[in-house]
Every structure is written in structure tokens, then in C-alpha cells.
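Down below is the structure, laid out as C-alpha cells.
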Amino acid sequence: MDEVTQAYRTKAAGLAGMLGTVVSPRDPGRSVVEPWAETVSGRILDVGAGTGRWTGHLAALGYDVEGLEPVDQFVELARRAHPAVPFRHGSLADLVGSAERWSGILAWYSLIHLDPDQLPPALATLRSVLDDDGSLLLSFFSGPRFEAFQHPATTAYRWPITAMARALESAGYEVTDQQQHPRHPHAAITARTRPSSS
């Protein structure tokens, strides 16, 4: 992930301009993220929070949410845009072995640069910091087959939605909802944690 973080740092200004710091009223992601957040009973962690747009949006709706972001320029921008919202400068690796737990984790296009060897341990790390019966909302680029493509930051991957669902189940989740755009390569999966002993 160090190479990915460096790629984002190098292109941070341009990417921040593309993303913005607030969620548009017309953003189609709202119809996915907002209903999911309503099902979360406690703290939410926005992993790969970027410019803080979704973290800030959920906080404005009254949720107890914080952002985790490895790109320092994004963290600074998010903190300026949403000064009342906590943002941590850190990566997924910083969650390994953490004693903290969250009721919900939002991974909104934040695992898209992970290949098939990197994804399973990342999902397991997120599983390890979710409460029992905690909820994960994962969005990603989808396609009929696994393939790499050139994202504006660096190489990213498209996954068949069935393959992503299997990866989640192998990591200790129970998939509860799947949504795939009929015309564009976007998908989202909601999953709950299974008891560790199962």
C-alpha cells in the first residue's frame, strides 16, 4: 500500500479537486450509504476517508463517525472542511492488532487497489475491528471478470460481484445485500460479521 499512498500523495491536488469535500445532493451513493448507516447502532469508521466527504456527511446526519486516511494532504483538507469530525492520519495496517472496535465500517472505493493476494488480509483486518454483528459496506469497481485498469491515481481492479462476495464470506462475513449498477462498473456489498467461532 505504500506505493498506492505515494501515488495519491503525488496527485493529491488534482484528485481532491475531482472528489470535493462534500457529498452532492444528487450523489447516487447516498441511496446506498444513508440506508446502511441507519442500520448501524454504534461508532462508524470510514476507512480510506479521502477528502472526508462521506465522513463529514454522516457526521452531519448525526452519526458517531471518524475517518482513517493515509494521505496527509487529504487528512489536512478533511480536517479543514469538517473541523468537528475526527480524522486519523493512518492506514489499514494501523488497524492490525487494534483493541478498538466499531459497529460499522465504510470502505467506499477504498480497497480498489488491492490485488487478489492483498484483499483477503485486508478484509480480515476490517473483520477484526468490527463488533460482533457489526456491518461493513464495501463499494468497488465491478466487471464480468477480474481485471486491472488504470485509475486516475494508480492501478485499480474490477471484480465480479460474486467473487467479491466469496472473498467476504471467506474472511468471516455474511453477505446481506448486493447492488450492482446495470450500466456502469460500480457495485456495493453489505456484510455482517459472523461469530469468530463459526
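Labeling convention for the C-alpha cells: chains A, B, ... as they appear, residues from 1 per chain, ligands from 1 in order of appearance.
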
Self-check item: Residue set, range 1-80 of chain A restricted to strand (DSSP E), as an NGL selection string
Solution: :A and (44-47 or 65-69)

Quiz item: Do you know which residues are at most 10 Å from range 123-127 of chain A counting only C-alpha atoms, after dropping those on the same chain fewer than 6 positions away, and could you put them as a PyMOL selection string?
Solution: chain A and resi 45+47+92-98+101-102+104-107+111+134-136+138+167-173+192-194+196

Can you list every residue of range 57-105 of chain A that has an atom at most 12 Å from range 2-12 of chain A, with its nearest atom pair and the distance in Å to one decimal, using only C-alpha atoms, ordered by chain then number, as JSON lines?
```
{"residue": "A:Glu69", "atom": "CA", "partner": "A:Thr5", "partner_atom": "CA", "distance": 9.6}
{"residue": "A:Pro70", "atom": "CA", "partner": "A:Thr5", "partner_atom": "CA", "distance": 6.6}
{"residue": "A:Val71", "atom": "CA", "partner": "A:Arg9", "partner_atom": "CA", "distance": 5.9}
{"residue": "A:Asp72", "atom": "CA", "partner": "A:Arg9", "partner_atom": "CA", "distance": 7.5}
{"residue": "A:Gln73", "atom": "CA", "partner": "A:Ala12", "partner_atom": "CA", "distance": 6.6}
{"residue": "A:Phe74", "atom": "CA", "partner": "A:Ala12", "partner_atom": "CA", "distance": 7.1}
{"residue": "A:Val75", "atom": "CA", "partner": "A:Ala12", "partner_atom": "CA", "distance": 10.7}
{"residue": "A:Glu76", "atom": "CA", "partner": "A:Ala12", "partner_atom": "CA", "distance": 11.2}
{"residue": "A:Leu77", "atom": "CA", "partner": "A:Ala12", "partner_atom": "CA", "distance": 10.2}
{"residue": "A:His89", "atom": "CA", "partner": "A:Thr5", "partner_atom": "CA", "distance": 11.8}
{"residue": "A:Gly90", "atom": "CA", "partner": "A:Thr5", "partner_atom": "CA", "distance": 10.5}
{"residue": "A:Ser91", "atom": "CA", "partner": "A:Thr5", "partner_atom": "CA", "distance": 9.1}
{"residue": "A:Leu92", "atom": "CA", "partner": "A:Asp2", "partner_atom": "CA", "distance": 11.1}
{"residue": "A:Ala93", "atom": "CA", "partner": "A:Asp2", "partner_atom": "CA", "distance": 10.4}
```

Selected residues written out with N, CA and C atoms, as a JSON list (two decimals), in the first residue's frame:
```json
[["chain", "number", "residue", "atom", "x", "y", "z"],
["A", 69, "GLU", "N", -7.34, 7.86, 7.10],
["A", 69, "GLU", "CA", -6.82, 8.18, 5.77],
["A", 69, "GLU", "C", -5.28, 8.27, 5.79],
["A", 70, "PRO", "N", -4.61, 7.57, 4.86],
["A", 70, "PRO", "CA", -3.15, 7.57, 4.87],
["A", 70, "PRO", "C", -2.49, 8.76, 4.17],
["A", 71, "VAL", "N", -3.22, 9.48, 3.34],
["A", 71, "VAL", "CA", -2.63, 10.57, 2.57],
["A", 71, "VAL", "C", -2.72, 11.87, 3.37],
["A", 72, "ASP", "N", -1.58, 12.38, 3.77],
["A", 72, "ASP", "CA", -1.57, 13.53, 4.68],
["A", 72, "ASP", "C", -2.27, 14.75, 4.10],
["A", 73, "GLN", "N", -2.13, 14.98, 2.79],
["A", 73, "GLN", "CA", -2.81, 16.13, 2.21],
["A", 73, "GLN", "C", -4.33, 16.00, 2.31],
["A", 74, "PHE", "N", -4.84, 14.79, 2.15],
["A", 74, "PHE", "CA", -6.28, 14.58, 2.28],
["A", 74, "PHE", "C", -6.74, 14.78, 3.71],
["A", 75, "VAL", "N", -5.94, 14.31, 4.66],
["A", 75, "VAL", "CA", -6.30, 14.48, 6.07],
["A", 75, "VAL", "C", -6.40, 15.96, 6.42],
["A", 76, "GLU", "N", -5.43, 16.74, 5.98],
["A", 76, "GLU", "CA", -5.45, 18.18, 6.25],
["A", 76, "GLU", "C", -6.67, 18.83, 5.62],
["A", 77, "LEU", "N", -6.98, 18.44, 4.39],
["A", 77, "LEU", "CA", -8.13, 19.00, 3.70],
["A", 77, "LEU", "C", -9.43, 18.61, 4.41],
["A", 89, "HIS", "N", -4.70, 10.21, 10.74],
["A", 89, "HIS", "CA", -3.73, 10.01, 9.67],
["A", 89, "HIS", "C", -3.14, 8.62, 9.87],
["A", 90, "GLY", "N", -3.62, 7.65, 9.10],
["A", 90, "GLY", "CA", -3.16, 6.28, 9.24],
["A", 90, "GLY", "C", -3.73, 5.42, 8.14],
["A", 91, "SER", "N", -3.29, 4.17, 8.12],
["A", 91, "SER", "CA", -3.69, 3.25, 7.06],
["A", 91, "SER", "C", -4.34, 2.01, 7.65],
["A", 92, "LEU", "N", -4.76, 1.14, 6.76],
["A", 92, "LEU", "CA", -5.36, -0.12, 7.15],
["A", 92, "LEU", "C", -4.40, -0.92, 8.03],
["A", 93, "ALA", "N", -3.12, -0.83, 7.74],
["A", 93, "ALA", "CA", -2.12, -1.57, 8.51],
["A", 93, "ALA", "C", -2.13, -1.16, 9.98]]
```

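Rounded to one decimal, CA of Ile44 in chain A and CA of Val65 in chain A lie 4.6 Å from each other.
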
Practice problem: Apply DSSP to the backbone of this structure and, from range 52-143 of chain A, keep only the residues in alpha helix (DSSP H); write these as a list in words. | Solution: Arg53, Trp54, Thr55, Gly56, His57, Leu58, Ala59, Ala60, Asp72, Gln73, Phe74, Val75, Glu76, Leu77, Ala78, Arg79, Arg80, Ala81, Leu119, Pro120, Pro121, Ala122, Leu123, Ala124, Thr125, Leu126, Arg127 and Ser128 of chain A

Quiz item: Between CA of Arg88 in chain A and CA of Val175 in chain A, what is the spacing in Å?
Solution: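 Taking CA of Val175 in chain A and CA of Arg88 in chain A, their separation equals 28.1 Å.
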
Shell of 12 Å around Tyr157 in chain A, only C-alpha atoms, local chain residues under 5 positions omitted, as a tab-separated table (two decimals) with all heavy atoms, in the first residue's frame:
```
chain	number	residue	atom	x	y	z
A	109	TYR	N	-14.93	2.57	-2.00
A	109	TYR	CA	-13.89	2.56	-3.03
A	109	TYR	C	-12.49	2.69	-2.43
A	109	TYR	O	-11.59	3.20	-3.09
A	109	TYR	CB	-14.14	3.66	-4.07
A	109	TYR	CG	-15.39	3.43	-4.89
A	109	TYR	CD1	-16.57	4.10	-4.57
A	109	TYR	CD2	-15.41	2.53	-5.94
A	109	TYR	CE1	-17.74	3.87	-5.29
A	109	TYR	CE2	-16.57	2.30	-6.67
A	109	TYR	CZ	-17.72	2.97	-6.34
A	109	TYR	OH	-18.87	2.73	-7.05
A	110	SER	N	-12.30	2.20	-1.22
A	110	SER	CA	-11.00	2.35	-0.58
A	110	SER	C	-10.13	1.11	-0.66
A	110	SER	O	-8.96	1.16	-0.28
A	110	SER	CB	-11.18	2.77	0.89
A	110	SER	OG	-12.01	1.85	1.57
A	111	LEU	N	-10.69	-0.01	-1.16
A	111	LEU	CA	-9.89	-1.24	-1.32
A	111	LEU	C	-9.68	-1.57	-2.79
A	111	LEU	O	-9.26	-2.67	-3.13
A	111	LEU	CB	-10.59	-2.42	-0.62
A	111	LEU	CG	-10.92	-2.24	0.86
A	111	LEU	CD1	-11.51	-3.53	1.42
A	111	LEU	CD2	-9.70	-1.83	1.67
A	112	ILE	N	-9.92	-0.62	-3.67
A	112	ILE	CA	-9.92	-0.89	-5.10
A	112	ILE	C	-8.53	-1.16	-5.68
A	112	ILE	O	-8.42	-1.67	-6.80
A	112	ILE	CB	-10.57	0.27	-5.88
A	112	ILE	CG1	-9.81	1.58	-5.63
A	112	ILE	CG2	-12.04	0.41	-5.50
A	112	ILE	CD1	-10.28	2.74	-6.50
A	113	HIS	N	-7.49	-0.82	-4.95
A	113	HIS	CA	-6.13	-1.02	-5.45
A	113	HIS	C	-5.51	-2.32	-4.94
A	113	HIS	O	-4.32	-2.57	-5.18
A	113	HIS	CB	-5.24	0.16	-5.06
A	113	HIS	CG	-5.75	1.48	-5.56
A	113	HIS	ND1	-5.76	1.83	-6.90
A	113	HIS	CD2	-6.30	2.54	-4.90
A	113	HIS	CE1	-6.28	3.03	-7.04
A	113	HIS	NE2	-6.61	3.49	-5.84
A	114	LEU	N	-6.29	-3.13	-4.25
A	114	LEU	CA	-5.77	-4.39	-3.69
A	114	LEU	C	-5.96	-5.52	-4.69
A	114	LEU	O	-7.06	-5.73	-5.21
A	114	LEU	CB	-6.48	-4.72	-2.38
A	114	LEU	CG	-6.37	-3.68	-1.27
A	114	LEU	CD1	-7.08	-4.18	-0.02
A	114	LEU	CD2	-4.91	-3.36	-0.97
A	115	ASP	N	-4.89	-6.29	-4.91
A	115	ASP	CA	-4.99	-7.43	-5.81
A	115	ASP	C	-5.48	-8.66	-5.04
A	115	ASP	O	-5.72	-8.58	-3.83
A	115	ASP	CB	-3.64	-7.68	-6.50
A	115	ASP	CG	-2.53	-8.10	-5.55
A	115	ASP	OD1	-2.82	-8.73	-4.51
A	115	ASP	OD2	-1.36	-7.82	-5.85
A	116	PRO	N	-5.66	-9.81	-5.70
A	116	PRO	CA	-6.22	-10.98	-5.01
A	116	PRO	C	-5.39	-11.49	-3.84
A	116	PRO	O	-5.93	-12.16	-2.96
A	116	PRO	CB	-6.29	-12.03	-6.14
A	116	PRO	CG	-6.46	-11.22	-7.38
A	116	PRO	CD	-5.60	-10.01	-7.17
A	118	GLN	N	-3.70	-9.36	-1.79
A	118	GLN	CA	-3.77	-8.32	-0.76
A	118	GLN	C	-5.16	-8.18	-0.15
A	118	GLN	O	-5.29	-7.78	1.00
A	118	GLN	CB	-3.34	-6.98	-1.36
A	118	GLN	CG	-1.91	-6.94	-1.85
A	118	GLN	CD	-1.63	-5.72	-2.71
A	118	GLN	OE1	-2.48	-5.29	-3.50
A	118	GLN	NE2	-0.45	-5.15	-2.56
A	119	LEU	N	-6.19	-8.49	-0.93
A	119	LEU	CA	-7.55	-8.27	-0.45
A	119	LEU	C	-7.91	-9.13	0.76
A	119	LEU	O	-8.47	-8.59	1.74
A	119	LEU	CB	-8.55	-8.48	-1.58
A	119	LEU	CG	-10.01	-8.22	-1.20
A	119	LEU	CD1	-10.24	-6.75	-0.90
A	119	LEU	CD2	-10.96	-8.70	-2.30
A	140	PHE	N	-16.95	-0.95	-4.79
A	140	PHE	CA	-15.80	-1.29	-5.62
A	140	PHE	C	-16.20	-1.22	-7.09
A	140	PHE	O	-17.38	-1.07	-7.42
A	140	PHE	CB	-15.29	-2.69	-5.27
A	140	PHE	CG	-16.33	-3.78	-5.39
A	140	PHE	CD1	-16.39	-4.58	-6.52
A	140	PHE	CD2	-17.25	-4.00	-4.37
A	140	PHE	CE1	-17.36	-5.58	-6.63
A	140	PHE	CE2	-18.21	-5.00	-4.48
A	140	PHE	CZ	-18.27	-5.78	-5.61
A	141	PHE	N	-15.21	-1.33	-7.95
A	141	PHE	CA	-15.46	-1.40	-9.38
A	141	PHE	C	-15.72	-2.85	-9.76
A	141	PHE	O	-14.97	-3.74	-9.35
A	141	PHE	CB	-14.28	-0.84	-10.16
A	141	PHE	CG	-14.07	0.63	-9.96
A	141	PHE	CD1	-13.08	1.11	-9.12
A	141	PHE	CD2	-14.88	1.56	-10.61
A	141	PHE	CE1	-12.89	2.47	-8.93
A	141	PHE	CE2	-14.71	2.92	-10.43
A	141	PHE	CZ	-13.71	3.38	-9.58
A	142	SER	N	-16.76	-3.07	-10.52
A	142	SER	CA	-17.17	-4.43	-10.86
A	142	SER	C	-17.03	-4.69	-12.36
A	142	SER	O	-16.93	-3.76	-13.16
A	142	SER	CB	-18.61	-4.68	-10.41
A	142	SER	OG	-19.48	-3.78	-11.09
A	143	GLY	N	-17.06	-5.96	-12.70
A	143	GLY	CA	-16.99	-6.35	-14.10
A	143	GLY	C	-17.23	-7.83	-14.23
A	143	GLY	O	-17.30	-8.55	-13.23
A	144	PRO	N	-17.33	-8.33	-15.45
A	144	PRO	CA	-17.60	-9.76	-15.64
A	144	PRO	C	-16.43	-10.65	-15.27
A	144	PRO	O	-16.60	-11.85	-15.07
A	144	PRO	CB	-17.93	-9.86	-17.13
A	144	PRO	CG	-17.24	-8.67	-17.75
A	144	PRO	CD	-17.31	-7.59	-16.72
A	145	ARG	N	-15.23	-10.07	-15.17
A	145	ARG	CA	-14.04	-10.85	-14.81
A	145	ARG	C	-13.10	-9.95	-14.00
A	145	ARG	O	-13.20	-8.72	-14.07
A	145	ARG	CB	-13.33	-11.37	-16.06
A	145	ARG	CG	-12.73	-10.26	-16.91
A	145	ARG	CD	-12.25	-10.75	-18.25
A	145	ARG	NE	-13.37	-11.19	-19.05
A	145	ARG	CZ	-14.13	-10.37	-19.77
A	145	ARG	NH1	-13.88	-9.06	-19.76
A	145	ARG	NH2	-15.14	-10.82	-20.47
A	146	PHE	N	-12.21	-10.57	-13.26
A	146	PHE	CA	-11.21	-9.80	-12.54
A	146	PHE	C	-10.23	-9.21	-13.55
A	146	PHE	O	-9.70	-9.93	-14.41
A	146	PHE	CB	-10.46	-10.69	-11.54
A	146	PHE	CG	-9.33	-9.97	-10.86
A	146	PHE	CD1	-9.57	-9.12	-9.79
A	146	PHE	CD2	-8.02	-10.12	-11.32
A	146	PHE	CE1	-8.53	-8.44	-9.18
A	146	PHE	CE2	-6.97	-9.44	-10.71
A	146	PHE	CZ	-7.24	-8.60	-9.64
A	147	GLU	N	-9.99	-7.91	-13.45
A	147	GLU	CA	-9.03	-7.28	-14.36
A	147	GLU	C	-8.52	-5.98	-13.78
A	147	GLU	O	-9.22	-5.29	-13.02
A	147	GLU	CB	-9.67	-7.04	-15.73
A	147	GLU	CG	-10.89	-6.13	-15.72
A	147	GLU	CD	-11.52	-5.99	-17.10
A	147	GLU	OE1	-10.94	-6.52	-18.06
A	147	GLU	OE2	-12.59	-5.36	-17.20
A	148	ALA	N	-7.30	-5.66	-14.16
A	148	ALA	CA	-6.69	-4.40	-13.76
A	148	ALA	C	-7.08	-3.31	-14.75
A	148	ALA	O	-7.34	-3.57	-15.92
A	148	ALA	CB	-5.17	-4.54	-13.71
A	149	PHE	N	-7.13	-2.06	-14.26
A	149	PHE	CA	-7.34	-0.92	-15.14
A	149	PHE	C	-6.63	0.28	-14.56
A	149	PHE	O	-6.24	0.29	-13.38
A	149	PHE	CB	-8.83	-0.64	-15.36
A	149	PHE	CG	-9.55	-0.07	-14.16
A	149	PHE	CD1	-9.75	1.29	-14.03
A	149	PHE	CD2	-10.05	-0.90	-13.16
A	149	PHE	CE1	-10.42	1.83	-12.93
A	149	PHE	CE2	-10.71	-0.39	-12.06
A	149	PHE	CZ	-10.89	0.98	-11.95
A	150	GLN	N	-6.43	1.30	-15.38
A	150	GLN	CA	-5.70	2.47	-14.95
A	150	GLN	C	-6.64	3.49	-14.33
A	150	GLN	O	-7.40	4.16	-15.02
A	150	GLN	CB	-4.93	3.10	-16.11
A	150	GLN	CG	-3.94	4.18	-15.67
A	150	GLN	CD	-2.97	3.68	-14.60
A	150	GLN	OE1	-2.40	2.60	-14.73
A	150	GLN	NE2	-2.77	4.46	-13.56
A	151	HIS	N	-6.61	3.58	-13.02
A	151	HIS	CA	-7.36	4.56	-12.24
A	151	HIS	C	-6.59	5.89	-12.30
A	151	HIS	O	-5.38	5.89	-12.53
A	151	HIS	CB	-7.46	4.03	-10.80
A	151	HIS	CG	-8.22	4.89	-9.86
A	151	HIS	ND1	-7.63	5.90	-9.13
A	151	HIS	CD2	-9.52	4.89	-9.50
A	151	HIS	CE1	-8.52	6.48	-8.37
A	151	HIS	NE2	-9.67	5.89	-8.56
A	164	MET	N	-16.24	-11.04	-5.20
A	164	MET	CA	-16.07	-10.21	-4.01
A	164	MET	C	-16.90	-10.76	-2.85
A	164	MET	O	-16.46	-10.78	-1.70
A	164	MET	CB	-16.48	-8.77	-4.31
A	164	MET	CG	-16.21	-7.81	-3.17
A	164	MET	SD	-14.45	-7.66	-2.73
A	164	MET	CE	-13.87	-6.59	-4.08
A	185	PRO	N	-19.66	0.27	-14.17
A	185	PRO	CA	-18.90	-0.73	-13.40
A	185	PRO	C	-18.78	-0.40	-11.91
A	185	PRO	O	-17.69	-0.27	-11.37
A	185	PRO	CB	-17.53	-0.72	-14.08
A	185	PRO	CG	-17.37	0.70	-14.54
A	185	PRO	CD	-18.76	1.14	-14.97
A	186	HIS	N	-19.92	-0.28	-11.26
A	186	HIS	CA	-19.93	0.05	-9.84
A	186	HIS	C	-20.80	-0.96	-9.08
A	186	HIS	O	-21.86	-1.35	-9.56
A	186	HIS	CB	-20.49	1.46	-9.61
A	186	HIS	CG	-19.71	2.53	-10.30
A	186	HIS	ND1	-18.52	2.99	-9.84
A	186	HIS	CD2	-19.96	3.21	-11.46
A	186	HIS	CE1	-18.05	3.92	-10.65
A	186	HIS	NE2	-18.91	4.06	-11.65
```

Quiz prompt | Given only C-alpha atoms as the counted atoms, nearest of A:Val129, A:Ala153, A:Ala37, A:Ile161 to Glu100 in chain A | solution =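 Under the stated criterion, the closest residue is A:Val129.
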
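By chain and then residue number, the residues within 10 Å of Trp54 in chain A are Thr21, Val22, Val23, Gly29, Arg30, Val33, Glu34, Asp46, Ala49, Ala59, Ala60, Val65, Glu66, Gly67, Leu106 and Trp108 of chain A, counting only C-alpha atoms and disregarding those fewer than 5 positions away in sequence.
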
Quiz item: Separation of CA of Pro152 in chain A and CA of Ala191 in chain A, in Å?
Solution: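 Going from CA of Pro152 in chain A over to CA of Ala191 in chain A, I get 28.1 Å.
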